[in-house]
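Participant: Structure: upload_34.csv, CSV, C-alpha atoms.
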```csv
chain,number,residue,atom,x,y,z
A,1,MET,CA,17.0,-30.2,-11.9
A,2,MET,CA,13.8,-31.8,-13.3
A,3,TYR,CA,10.7,-33.0,-11.6
A,4,ARG,CA,10.0,-36.7,-12.1
A,5,PRO,CA,6.4,-38.0,-11.7
A,6,GLY,CA,6.0,-40.4,-8.8
A,7,TYR,CA,9.2,-39.2,-7.2
A,8,THR,CA,9.1,-37.6,-3.8
A,9,PRO,CA,11.8,-34.9,-3.7
A,10,THR,CA,13.9,-34.3,-0.6
A,11,LEU,CA,13.7,-31.0,1.3
A,12,GLU,CA,17.0,-29.9,-0.2
A,13,GLU,CA,15.8,-30.6,-3.7
A,14,ARG,CA,12.6,-28.7,-3.1
A,15,VAL,CA,14.6,-25.7,-1.8
A,16,GLU,CA,16.8,-25.7,-4.9
A,17,TRP,CA,13.7,-25.9,-7.2
A,18,HIS,CA,12.1,-22.9,-5.5
A,19,LEU,CA,15.4,-20.9,-5.7
A,20,GLU,CA,15.8,-21.8,-9.4
A,21,ASP,CA,12.3,-20.8,-10.6
A,22,GLY,CA,11.9,-17.8,-8.3
A,23,THR,CA,9.0,-19.3,-6.3
A,24,ASP,CA,11.0,-19.0,-3.1
A,25,THR,CA,9.3,-15.5,-2.7
A,26,LEU,CA,6.1,-17.3,-1.9
A,27,TYR,CA,7.7,-18.5,1.4
A,28,VAL,CA,10.3,-16.0,2.5
A,29,CYS,CA,11.1,-12.3,2.1
A,30,PRO,CA,14.3,-12.1,0.0
A,31,ASP,CA,15.4,-8.8,1.5
A,32,ALA,CA,18.9,-8.8,2.9
A,33,TRP,CA,18.0,-6.8,6.0
A,34,ALA,CA,15.0,-9.1,6.7
A,35,LEU,CA,17.2,-12.2,6.4
A,36,ARG,CA,19.6,-11.1,9.2
A,37,HIS,CA,16.9,-9.9,11.6
A,38,ARG,CA,14.3,-11.7,13.8
A,39,PHE,CA,11.5,-10.6,16.1
A,40,ILE,CA,11.3,-12.0,19.6
A,41,ASN,CA,8.1,-12.0,21.6
A,42,ARG,CA,8.9,-10.3,25.0
A,43,GLU,CA,6.5,-12.5,26.9
A,44,THR,CA,6.7,-15.9,25.3
A,45,GLY,CA,10.1,-15.9,23.6
A,46,GLU,CA,8.5,-16.9,20.3
A,47,VAL,CA,10.7,-16.1,17.3
A,48,ARG,CA,9.5,-14.9,13.9
A,49,ARG,CA,11.4,-13.9,10.8
A,50,ALA,CA,11.4,-10.3,9.9
A,51,ARG,CA,10.4,-9.0,6.5
A,52,CYS,CA,10.9,-5.8,4.5
A,53,ASP,CA,7.2,-4.9,4.3
A,54,ARG,CA,7.6,-3.2,0.9
A,55,TRP,CA,4.7,-3.1,-1.6
A,56,THR,CA,7.1,-4.1,-4.4
A,57,CYS,CA,8.4,-7.2,-2.6
A,58,LEU,CA,6.9,-10.4,-4.0
A,59,TYR,CA,6.6,-11.9,-0.5
A,60,CYS,CA,5.5,-8.8,1.4
A,61,GLY,CA,3.4,-7.0,-1.2
A,62,PRO,CA,0.7,-9.7,-1.6
A,63,ARG,CA,0.5,-10.1,2.2
A,64,LYS,CA,0.1,-6.3,2.8
A,65,VAL,CA,-2.7,-6.2,0.2
A,66,ASP,CA,-4.4,-9.2,1.9
A,67,MET,CA,-4.0,-7.6,5.3
A,68,TRP,CA,-5.5,-4.3,4.0
A,69,ARG,CA,-8.5,-6.3,2.5
A,70,GLN,CA,-9.2,-7.7,5.9
A,71,VAL,CA,-8.7,-4.3,7.7
A,72,ILE,CA,-11.1,-2.6,5.2
A,73,ALA,CA,-13.7,-5.4,5.6
A,74,GLU,CA,-13.9,-4.5,9.3
A,75,ALA,CA,-15.2,-1.1,8.4
A,76,GLU,CA,-18.3,-2.6,6.6
A,77,PRO,CA,-18.6,0.1,3.8
A,78,THR,CA,-21.9,0.5,2.0
A,79,LEU,CA,-21.1,2.2,-1.3
A,80,HIS,CA,-18.4,1.9,-3.9
A,81,ILE,CA,-17.8,5.2,-5.8
A,82,VAL,CA,-15.5,5.9,-8.7
A,83,LEU,CA,-14.5,9.6,-9.3
A,84,THR,CA,-12.9,10.1,-12.8
A,85,LYS,CA,-10.3,12.7,-14.0
A,86,ALA,CA,-9.2,13.6,-10.5
A,87,GLY,CA,-5.9,15.2,-11.8
A,88,ASN,CA,-2.5,14.6,-13.3
A,89,THR,CA,-0.6,14.7,-10.0
A,90,MET,CA,-1.5,13.1,-6.7
A,91,GLU,CA,-1.6,16.6,-5.0
A,92,GLU,CA,-4.2,17.7,-7.5
A,93,ALA,CA,-6.2,14.4,-7.2
A,94,ALA,CA,-6.0,14.5,-3.3
A,95,ARG,CA,-7.2,18.2,-3.3
A,96,ALA,CA,-10.1,17.4,-5.5
A,97,LEU,CA,-11.1,14.4,-3.3
A,98,THR,CA,-11.0,16.6,-0.2
A,99,THR,CA,-13.1,19.3,-1.7
A,100,TRP,CA,-15.7,16.7,-2.9
A,101,VAL,CA,-16.0,15.2,0.5
A,102,GLN,CA,-16.4,18.5,2.2
A,103,ALA,CA,-19.1,19.5,-0.3
A,104,LEU,CA,-21.0,16.3,0.4
A,105,ARG,CA,-20.7,16.6,4.1
A,106,ARG,CA,-21.7,20.3,4.1
A,107,GLY,CA,-24.7,20.0,1.7
A,108,SER,CA,-26.2,23.1,0.1
A,109,LYS,CA,-29.2,25.3,0.8
A,110,GLY,CA,-29.5,26.1,-2.9
A,111,ARG,CA,-30.0,29.4,-4.7
A,112,GLY,CA,-32.7,32.0,-4.2
A,113,ARG,CA,-36.1,31.6,-2.5
A,114,GLY,CA,-36.8,28.5,-4.4
A,115,HIS,CA,-33.6,26.8,-3.1
A,116,VAL,CA,-32.6,25.8,-6.6
A,117,GLY,CA,-29.9,23.1,-6.4
A,118,ALA,CA,-30.4,22.4,-2.7
A,119,ARG,CA,-28.6,19.3,-1.5
A,120,PRO,CA,-28.9,17.5,1.9
A,121,ALA,CA,-25.7,16.8,3.9
A,122,PHE,CA,-24.3,13.4,3.9
A,123,HIS,CA,-21.9,12.7,6.8
A,124,ILE,CA,-19.9,10.0,5.1
A,125,GLU,CA,-16.6,8.4,6.0
A,126,TYR,CA,-14.4,7.0,3.2
A,127,LEU,CA,-11.3,5.1,2.1
A,128,GLY,CA,-9.9,5.9,-1.3
A,129,VAL,CA,-7.3,4.3,-3.5
A,130,SER,CA,-6.0,6.2,-6.6
A,131,GLU,CA,-5.4,4.5,-9.9
A,132,GLU,CA,-3.9,6.0,-13.1
A,133,HIS,CA,-6.0,5.8,-16.2
A,134,LYS,CA,-4.7,3.9,-19.2
A,135,ASN,CA,-4.7,7.2,-21.1
A,136,PHE,CA,-2.9,9.0,-18.3
A,137,GLU,CA,-2.0,12.1,-20.3
A,138,GLU,CA,-5.6,12.9,-21.0
A,139,ASN,CA,-7.4,11.5,-17.9
A,140,GLY,CA,-4.8,11.3,-15.2
A,141,PHE,CA,-5.8,9.6,-11.9
A,142,HIS,CA,-9.2,8.5,-10.7
A,143,TRP,CA,-10.3,7.5,-7.3
A,144,HIS,CA,-11.9,4.2,-6.1
A,145,LEU,CA,-13.8,5.0,-2.9
A,146,LEU,CA,-15.4,2.8,-0.3
A,147,VAL,CA,-17.9,4.8,1.7
A,148,LYS,CA,-19.9,4.3,4.9
A,149,GLY,CA,-22.4,6.5,6.7
A,150,ALA,CA,-25.0,6.5,3.8
A,151,ASP,CA,-26.8,3.6,2.1
A,152,PHE,CA,-27.8,5.9,-0.8
A,153,ILE,CA,-26.6,9.2,-2.2
A,154,PRO,CA,-28.4,10.6,-5.3
A,155,HIS,CA,-26.2,10.3,-8.4
A,156,GLU,CA,-26.8,13.9,-9.4
A,157,HIS,CA,-25.5,15.1,-6.0
A,158,LEU,CA,-22.3,13.1,-6.5
A,159,VAL,CA,-21.8,14.5,-10.0
A,160,ALA,CA,-22.5,18.1,-8.9
A,161,CYS,CA,-20.0,18.0,-6.1
A,162,TRP,CA,-17.4,16.3,-8.2
A,163,LYS,CA,-17.8,18.8,-11.1
A,164,SER,CA,-17.4,21.6,-8.6
A,165,ALA,CA,-14.4,20.0,-6.9
A,166,THR,CA,-12.6,19.6,-10.3
A,167,LYS,CA,-13.6,23.1,-11.5
A,168,GLY,CA,-15.7,21.6,-14.3
A,169,ARG,CA,-12.9,19.2,-15.5
A,170,ALA,CA,-14.8,16.0,-14.6
A,171,SER,CA,-18.4,15.1,-14.5
A,172,VAL,CA,-18.4,11.3,-14.7
A,173,VAL,CA,-19.1,9.4,-11.4
A,174,TRP,CA,-20.0,5.8,-10.9
A,175,VAL,CA,-21.7,4.5,-7.8
A,176,SER,CA,-22.9,1.0,-6.7
A,177,ALA,CA,-24.1,-0.5,-3.5
A,178,ILE,CA,-21.8,-3.0,-1.7
A,179,ASN,CA,-23.7,-6.2,-1.0
A,180,ASN,CA,-20.7,-8.5,-0.4
A,181,THR,CA,-16.9,-8.4,0.0
A,182,ARG,CA,-16.3,-8.5,-3.8
A,183,ALA,CA,-16.2,-4.7,-4.0
A,184,ILE,CA,-13.7,-4.6,-1.2
A,185,GLY,CA,-11.4,-7.0,-3.1
A,186,TYR,CA,-12.0,-4.9,-6.2
A,187,VAL,CA,-10.6,-1.8,-4.5
A,188,THR,CA,-7.7,-3.5,-2.6
A,189,LYS,CA,-6.3,-5.1,-5.8
A,190,TYR,CA,-5.3,-1.6,-6.8
A,191,LEU,CA,-2.9,-1.5,-3.9
A,192,THR,CA,-0.5,-3.6,-6.0
A,193,LYS,CA,-1.4,-2.4,-9.5
A,194,ASP,CA,1.5,-0.8,-11.3
A,195,VAL,CA,3.7,-1.2,-8.2
A,196,THR,CA,6.8,-1.2,-10.3
A,197,ARG,CA,6.1,2.3,-11.6
A,198,GLU,CA,4.1,3.9,-8.7
A,199,ARG,CA,3.6,6.9,-11.0
A,200,LYS,CA,2.2,9.9,-9.0
A,201,GLY,CA,2.7,12.6,-11.6
A,202,GLN,CA,4.8,15.7,-11.3
A,203,LYS,CA,4.3,19.1,-9.7
A,204,THR,CA,6.0,22.4,-10.4
A,205,VAL,CA,8.1,23.9,-7.6
A,206,VAL,CA,9.9,27.2,-7.6
A,207,ARG,CA,13.5,27.1,-6.4
A,208,GLU,CA,16.0,29.8,-5.8
A,209,GLY,CA,19.4,29.4,-7.4
A,210,LEU,CA,22.7,31.2,-6.9
A,211,ILE,CA,24.5,32.4,-10.0
A,212,LEU,CA,28.1,33.7,-9.9
A,213,ARG,CA,29.2,36.2,-12.6
A,214,VAL,CA,32.1,38.6,-13.1
A,215,GLY,CA,31.2,42.2,-12.5
A,216,GLU,CA,32.4,45.3,-14.4
A,217,ASP,CA,35.2,45.7,-11.9
A,218,GLY,CA,36.4,42.2,-12.4
A,219,GLN,CA,35.0,40.9,-9.0
A,220,LEU,CA,32.7,38.0,-8.6
A,221,VAL,CA,29.1,39.0,-8.1
A,222,GLU,CA,26.3,36.8,-6.6
A,223,ASP,CA,22.9,36.9,-8.3
A,224,ARG,CA,19.9,35.0,-7.1
A,225,GLU,CA,17.5,33.6,-9.6
A,226,GLN,CA,14.2,31.8,-9.2
A,227,VAL,CA,13.6,28.9,-11.5
A,228,GLU,CA,10.8,26.5,-11.9
A,229,ALA,CA,11.5,22.7,-11.7
A,230,LEU,CA,9.3,19.6,-12.1
A,231,VAL,CA,9.6,17.1,-9.2
A,232,GLU,CA,7.8,13.9,-8.5
A,233,SER,CA,4.7,14.2,-6.4
A,234,LYS,CA,4.9,12.9,-2.8
A,235,ALA,CA,1.2,12.7,-2.0
A,236,ARG,CA,-0.2,9.4,-0.8
A,237,ARG,CA,-2.1,6.9,-2.9
A,238,ILE,CA,-4.3,5.6,-0.1
A,239,ARG,CA,-6.4,8.0,1.9
A,240,TYR,CA,-9.0,7.5,4.6
A,241,SER,CA,-11.1,9.7,6.9
A,242,ARG,CA,-10.9,9.5,10.7
A,243,GLY,CA,-14.1,7.7,11.3
A,244,PHE,CA,-13.9,5.1,8.5
A,245,PHE,CA,-12.5,2.3,10.7
A,246,PRO,CA,-14.4,1.2,13.9
A,247,GLU,CA,-11.1,1.3,15.8
A,248,THR,CA,-7.5,2.2,15.1
A,249,THR,CA,-5.9,0.4,12.2
A,250,ARG,CA,-3.1,-0.6,14.5
A,251,ALA,CA,-5.6,-2.4,16.8
A,252,ILE,CA,-7.3,-4.1,13.9
A,253,ARG,CA,-4.0,-5.2,12.3
A,254,ALA,CA,-2.7,-6.5,15.7
A,255,ARG,CA,-5.8,-8.6,16.1
A,256,LEU,CA,-5.6,-9.9,12.6
A,257,PHE,CA,-1.9,-10.6,13.1
A,258,THR,CA,-2.5,-12.8,16.1
A,259,ARG,CA,-5.0,-15.0,14.3
A,260,SER,CA,-3.3,-14.9,10.9
A,261,GLU,CA,-2.7,-18.2,9.1
A,262,GLU,CA,0.6,-16.7,7.8
A,263,ASN,CA,2.1,-16.3,11.3
A,264,GLY,CA,5.5,-17.8,10.4
A,265,ASP,CA,7.1,-14.4,10.1
A,266,ALA,CA,6.5,-10.8,11.3
A,267,ALA,CA,6.1,-7.5,9.5
A,268,VAL,CA,6.3,-5.7,12.8
A,269,GLU,CA,8.4,-2.6,12.4
A,270,GLU,CA,9.4,-1.4,15.8
A,271,GLN,CA,10.9,2.1,16.2
A,272,GLY,CA,12.6,3.6,19.2
A,273,ASP,CA,9.2,4.5,20.8
A,274,GLY,CA,7.9,0.9,20.4
A,275,THR,CA,5.4,1.9,17.7
A,276,LEU,CA,3.6,-1.0,16.0
A,277,TRP,CA,3.3,-1.0,12.2
A,278,PRO,CA,4.1,2.7,11.7
A,279,GLU,CA,4.0,2.3,7.9
A,280,LEU,CA,0.3,2.8,8.1
A,281,GLU,CA,1.0,6.5,8.5
A,282,GLY,CA,4.1,6.7,6.3
A,283,ASN,CA,3.9,4.4,3.2
A,284,GLY,CA,1.1,5.6,1.1
A,285,VAL,CA,-1.7,6.1,3.7
A,286,GLY,CA,-3.1,9.6,4.3
A,287,GLY,CA,-5.8,11.0,6.5
A,288,ASP,CA,-8.7,13.3,5.7
A,289,GLU,CA,-8.9,17.0,5.3
A,290,ASN,CA,-9.1,17.6,9.0
A,291,GLY,CA,-5.4,16.9,9.5
A,292,GLY,CA,-4.8,13.2,8.8
A,293,VAL,CA,-5.1,10.1,10.9
A,294,SER,CA,-3.6,10.2,14.4
A,295,GLU,CA,-3.3,7.0,16.4
A,296,GLU,CA,-1.8,6.6,19.8
A,297,PRO,CA,1.5,4.7,19.8
A,298,GLN,CA,1.3,1.2,21.3
A,299,VAL,CA,4.2,-0.7,22.8
A,300,SER,CA,4.8,-3.8,20.8
A,301,GLU,CA,5.2,-7.1,22.5
A,302,TRP,CA,7.8,-7.9,19.8
A,303,LYS,CA,11.4,-6.7,19.9
A,304,LEU,CA,13.8,-6.6,17.0
A,305,GLU,CA,17.1,-8.5,17.2
A,306,GLU,CA,19.9,-8.7,14.7
A,307,VAL,CA,21.0,-12.4,14.3
A,308,ALA,CA,23.6,-11.9,11.6
A,309,GLU,CA,26.1,-9.3,10.7
A,310,PHE,CA,25.8,-7.0,7.6
A,311,THR,CA,27.7,-8.2,4.6
A,312,ARG,CA,28.2,-7.4,1.0
A,313,GLU,CA,29.3,-10.9,0.1
A,314,LEU,CA,26.8,-12.3,-2.4
A,315,GLU,CA,27.5,-15.9,-1.5
A,316,VAL,CA,26.7,-15.2,2.2
A,317,TYR,CA,23.4,-13.6,1.2
A,318,ARG,CA,22.5,-16.6,-1.0
A,319,GLU,CA,23.2,-19.0,1.8
A,320,ARG,CA,21.1,-17.0,4.2
A,321,ARG,CA,18.3,-17.0,1.7
A,322,ARG,CA,18.6,-20.8,1.2
A,323,ARG,CA,18.6,-21.3,5.0
A,324,ALA,CA,15.5,-19.2,5.5
A,325,LEU,CA,13.6,-21.0,2.8
A,326,THR,CA,14.6,-24.4,4.3
A,327,GLU,CA,13.3,-23.3,7.7
A,328,ALA,CA,10.1,-21.9,6.2
A,329,ILE,CA,9.3,-25.1,4.2
A,330,ARG,CA,10.1,-27.3,7.2
A,331,GLU,CA,7.8,-25.3,9.4
A,332,ARG,CA,5.0,-25.4,6.9
A,333,ASP,CA,5.4,-29.2,6.5
A,334,GLY,CA,5.4,-29.6,10.2
A,335,ASN,CA,2.3,-27.4,10.8
A,336,GLY,CA,0.4,-28.5,7.7
A,337,ARG,CA,0.1,-24.9,6.5
A,338,TYR,CA,-0.3,-23.8,2.9
A,339,VAL,CA,0.0,-20.5,1.2
A,340,SER,CA,-3.5,-19.0,1.1
A,341,ARG,CA,-5.3,-18.8,-2.3
A,342,ARG,CA,-5.6,-15.0,-1.9
A,343,VAL,CA,-1.9,-14.5,-1.3
A,344,LEU,CA,-1.1,-16.9,-4.2
A,345,THR,CA,-3.4,-15.0,-6.6
A,346,LEU,CA,-1.9,-11.6,-5.6
A,347,TRP,CA,1.7,-13.0,-5.9
A,348,GLU,CA,1.1,-14.3,-9.4
A,349,TYR,CA,-0.5,-11.0,-10.5
A,350,GLN,CA,2.4,-9.0,-9.0
A,351,ARG,CA,5.0,-11.3,-10.6
A,352,SER,CA,3.4,-10.9,-14.0
A,353,GLN,CA,3.4,-7.1,-13.7
A,354,LEU,CA,7.1,-7.2,-12.8
A,355,ARG,CA,7.8,-9.4,-15.8
A,356,LEU,CA,6.0,-6.9,-18.1
A,357,ALA,CA,7.9,-4.0,-16.6
A,358,GLY,CA,11.3,-5.7,-16.7
```
As structure tokens, how would this structure be written, given the file I've shared?

Facilitator:
Amino acid sequence: MMYRPGYTPTLEERVEWHLEDGTDTLYVCPDAWALRHRFINRETGEVRRARCDRWTCLYCGPRKVDMWRQVIAEAEPTLHIVLTKAGNTMEEAARALTTWVQALRRGSKGRGRGHVGARPAFHIEYLGVSEEHKNFEENGFHWHLLVKGADFIPHEHLVACWKSATKGRASVVWVSAINNTRAIGYVTKYLTKDVTRERKGQKTVVREGLILRVGEDGQLVEDREQVEALVESKARRIRYSRGFFPETTRAIRARLFTRSEENGDAAVEEQGDGTLWPELEGNGVGGDENGGVSEEPQVSEWKLEEVAEFTRELEVYRERRRRALTEAIRERDGNGRYVSRRVLTLWEYQRSQLRLAG
């Protein structure tokens, strides 16, 4: 189907064009589970489409990044810091970050009567996003941090603490003041960088195995043997301290959700306890060294309902996808809404990364 200048396509033709060129993911989440579920507002009866809310989804990923950008902006950070050579696994990188923050917060009285190397304490709060270096084997991960609680920290203090935290492995630290929201966007773009790989490195674990052998008397004998195995790291790529946000991230997201221009669908994931957006604690977000981020559960005003049965039929799935896209375009035309430029930019970037990976 080709576009002809001066011709106004019908709704059905627009739907087919989007499905053919893959741009339907700008308007609806293509996940099979999302297509057969809806969220109903308990008070108003308003209906919104569900979505899978995965970072790798072309529809959900850009919107999650944009939401995080807005959430982070609420914290009003003052410094952008880059910590290099954090480690080759996320566990190692997270441990180095924790040690570095503790050293900055604790300060140092220095050595001897002259207090050589004395450092003041900086009671900072932070949000960090890890990124893998292009030469990963040599440099591993580095951290992009947004910091609040201090307008200025001497560069030599940052370097000394980082060199100590990495046991001399790394001594390069960059720091700059945040005068606008550009630095916030610079950090949040890493939320979708390399989403198709999500490399976190590997760690060595010791496992106990059971070996059966035939003994001298001809009977089976059980021997236990400990072996080392490499497994993928499970540490989280996004970490923040308790006091970084002015209120709970749930409260901020709920407020942003109610005023969002993209309120034609819902990423609300409601569990049995009515928790709102629990993925903040489960999909790549970690707390600080004091035990993580703990937020009181809130009862969501949205309830999840299944509107279609599970099926393995490909044609049924395609029809549901076509119907959802038709509804989304019709709603946008009726409300005069467009896809935001931020979401469009993130979508194009993520799609280009998926093309390169595929």

Participant: Ranking A:Trp33, A:Phe39, A:Tyr126, A:Trp100 by minimum distance to Trp302 in chain A and counting only C-alpha atoms, which one comes first?

Facilitator: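 Checking each of A:Trp33, A:Phe39, A:Tyr126, A:Trp100 against Trp302 in chain A, counting only C-alpha atoms, the winner is A:Phe39.
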
Participant: Tell me, as a ChimeraX atom specification, which residues lie within 12 Å of Ala165 in chain A, counting all atoms listed in the file; anything in the same chain fewer than 5 positions away does not count.

Facilitator: /A:83-87,92-104,158-160,170-171

Participant: Of the candidates A:Glu138, A:Glu327, A:Asp31, A:Asp217, which shows the shortest atom-to-atom distance to Arg54 in chain A, using all atoms listed in the file?

Facilitator: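 Of A:Glu138, A:Glu327, A:Asp31, A:Asp217, the one nearest Arg54 in chain A is A:Asp31, counting all atoms listed in the file.
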
Participant: Compile the contact shell of Ala328 in chain A as a PyMOL selection string: residues with an atom at most 12 Å away, counting all atoms listed in the file, same-chain residues fewer than 5 positions apart removed.

Facilitator: chain A and resi 11+14-15+18+24-29+48-49+262-265+321-323+333-339

Participant: Would you mind telling me which residue in A:Arg332, A:Arg351, A:Arg255, A:His155 lies nearest to Thr56 in chain A when using all atoms listed in the file?

Facilitator: A:Arg351

Participant: Given only C-alpha atoms as the basis, pick out the residue of A:Val172, A:Ala32, A:Gln219, A:Leu79 nearest to Cys57 in chain A.

Facilitator: A:Ala32

Participant: So how far away is CA of Val187 in chain A from CA of Arg69 in chain A, in Å?

Facilitator: 8.6 Å

Participant: Between CA of Arg330 in chain A and CA of Trp17 in chain A, what distance in Å does the model show, to one decimal?

Facilitator: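 Taking CA of Arg330 in chain A as the start and CA of Trp17 in chain A as the end point, the length is 14.9 Å.
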
Participant: Calculate how many Å separate CA of Phe310 in chain A from CA of Leu19 in chain A, rounding to one decimal.

Facilitator: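 These two atoms are separated by 21.9 Å.
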
Participant: For Pro30 in chain A, which residue among A:Val343, A:Leu325, A:Met67, A:Ile153 is the nearest when counting all atoms listed in the file?

Facilitator: A:Leu325

Participant: Neighbours of Ser176 in chain A within 9 Å (only C-alpha atoms; same-chain residues fewer than 6 positions away dropped), as a PDB file with C-alpha atoms, in the coordinates of the input?

Facilitator:
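Now in result-v1.pdb:
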```
ATOM      1  CA  THR A  78     -21.900   0.500   2.000  1.00  0.00           C
ATOM      2  CA  LEU A  79     -21.100   2.200  -1.300  1.00  0.00           C
ATOM      3  CA  HIS A  80     -18.400   1.900  -3.900  1.00  0.00           C
ATOM      4  CA  ILE A  81     -17.800   5.200  -5.800  1.00  0.00           C
TER       5      ILE A  81
END
```

Participant: Can you list, as a list in words, every protein, DNA or RNA residue that comes within 8 Å of Lys64 in chain A when you count only C-alpha atoms, leaving out same-chain residues fewer than 3 positions away?

Facilitator: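 Counting only the stated atoms, we get Asp53, Trp55, Cys60, Gly61, Met67 and Trp68 of chain A.
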
Participant: Considering only C-alpha atoms, state which residue in the set A:Leu346, A:Leu354, A:Ala308, A:Ile124 is at the smallest distance from Lys148 in chain A.

Facilitator: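 Using only C-alpha atoms, the shortest distance to Lys148 in chain A belongs to A:Ile124.
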
Participant: Name all residues at most 12 Å from Ala183 in chain A (count only C-alpha atoms; drop same-chain ones fewer than 5 positions away) and give them as a count of residues only.

Facilitator: 21

Participant: How would you write as a tab-separated table (two decimals) with C-alpha atoms, keeping the file's coordinate frame the residues that get within 7 Å of (-22.6, 13.9, 2.6) in the file's frame, counting all atoms listed in the file?

Facilitator:
```tsv
chain	number	residue	atom	x	y	z
A	104	LEU	CA	-21.00	16.30	0.40
A	105	ARG	CA	-20.70	16.60	4.10
A	106	ARG	CA	-21.70	20.30	4.10
A	107	GLY	CA	-24.70	20.00	1.70
A	121	ALA	CA	-25.70	16.80	3.90
A	122	PHE	CA	-24.30	13.40	3.90
A	123	HIS	CA	-21.90	12.70	6.80
A	124	ILE	CA	-19.90	10.00	5.10
```

Participant: Can you rebuild range 39-44 of chain A with all heavy atoms and give it as an mmCIF file, in the frame of the given file?

Facilitator:
```cif
data_model
loop_
_atom_site.group_PDB
_atom_site.id
_atom_site.type_symbol
_atom_site.label_atom_id
_atom_site.label_comp_id
_atom_site.auth_asym_id
_atom_site.auth_seq_id
_atom_site.Cartn_x
_atom_site.Cartn_y
_atom_site.Cartn_z
ATOM 1 N N PHE A 39 12.297 -11.221 15.039
ATOM 2 C CA PHE A 39 11.500 -10.600 16.100
ATOM 3 C C PHE A 39 11.256 -11.607 17.193
ATOM 4 O O PHE A 39 10.904 -12.760 16.928
ATOM 5 C CB PHE A 39 10.164 -10.088 15.529
ATOM 6 C CG PHE A 39 10.291 -8.814 14.755
ATOM 7 C CD1 PHE A 39 10.424 -8.841 13.377
ATOM 8 C CD2 PHE A 39 10.306 -7.586 15.403
ATOM 9 C CE1 PHE A 39 10.545 -7.671 12.653
ATOM 10 C CE2 PHE A 39 10.435 -6.414 14.690
ATOM 11 C CZ PHE A 39 10.558 -6.446 13.315
ATOM 12 N N ILE A 40 11.470 -11.168 18.419
ATOM 13 C CA ILE A 40 11.300 -12.000 19.600
ATOM 14 C C ILE A 40 10.145 -11.506 20.436
ATOM 15 O O ILE A 40 10.075 -10.307 20.745
ATOM 16 C CB ILE A 40 12.597 -12.024 20.460
ATOM 17 C CG1 ILE A 40 13.845 -12.234 19.590
ATOM 18 C CG2 ILE A 40 12.490 -13.083 21.550
ATOM 19 C CD1 ILE A 40 13.904 -13.561 18.896
ATOM 20 N N ASN A 41 9.239 -12.387 20.785
ATOM 21 C CA ASN A 41 8.100 -12.000 21.600
ATOM 22 C C ASN A 41 8.647 -11.809 23.066
ATOM 23 O O ASN A 41 9.260 -12.709 23.642
ATOM 24 C CB ASN A 41 7.042 -13.073 21.617
ATOM 25 C CG ASN A 41 5.764 -12.620 22.307
ATOM 26 O OD1 ASN A 41 5.739 -12.364 23.501
ATOM 27 N ND2 ASN A 41 4.702 -12.521 21.517
ATOM 28 N N ARG A 42 8.416 -10.637 23.640
ATOM 29 C CA ARG A 42 8.900 -10.300 25.000
ATOM 30 C C ARG A 42 8.397 -11.216 26.050
ATOM 31 O O ARG A 42 9.073 -11.458 27.057
ATOM 32 C CB ARG A 42 8.604 -8.849 25.313
ATOM 33 C CG ARG A 42 9.135 -7.816 24.332
ATOM 34 C CD ARG A 42 8.656 -6.426 24.729
ATOM 35 N NE ARG A 42 8.900 -5.444 23.696
ATOM 36 C CZ ARG A 42 10.025 -4.756 23.553
ATOM 37 N NH1 ARG A 42 11.012 -4.954 24.396
ATOM 38 N NH2 ARG A 42 10.159 -3.864 22.584
ATOM 39 N N GLU A 43 7.167 -11.714 25.853
ATOM 40 C CA GLU A 43 6.500 -12.500 26.900
ATOM 41 C C GLU A 43 6.742 -14.002 26.724
ATOM 42 O O GLU A 43 7.010 -14.710 27.678
ATOM 43 C CB GLU A 43 5.026 -12.182 26.927
ATOM 44 C CG GLU A 43 4.714 -10.717 27.241
ATOM 45 C CD GLU A 43 3.224 -10.442 27.217
ATOM 46 O OE1 GLU A 43 2.447 -11.393 26.902
ATOM 47 O OE2 GLU A 43 2.820 -9.299 27.500
ATOM 48 N N THR A 44 6.608 -14.481 25.486
ATOM 49 C CA THR A 44 6.700 -15.900 25.300
ATOM 50 C C THR A 44 7.990 -16.429 24.733
ATOM 51 O O THR A 44 8.253 -17.627 24.783
ATOM 52 C CB THR A 44 5.552 -16.339 24.264
ATOM 53 O OG1 THR A 44 5.841 -15.758 22.975
ATOM 54 C CG2 THR A 44 4.185 -15.850 24.734
#
```
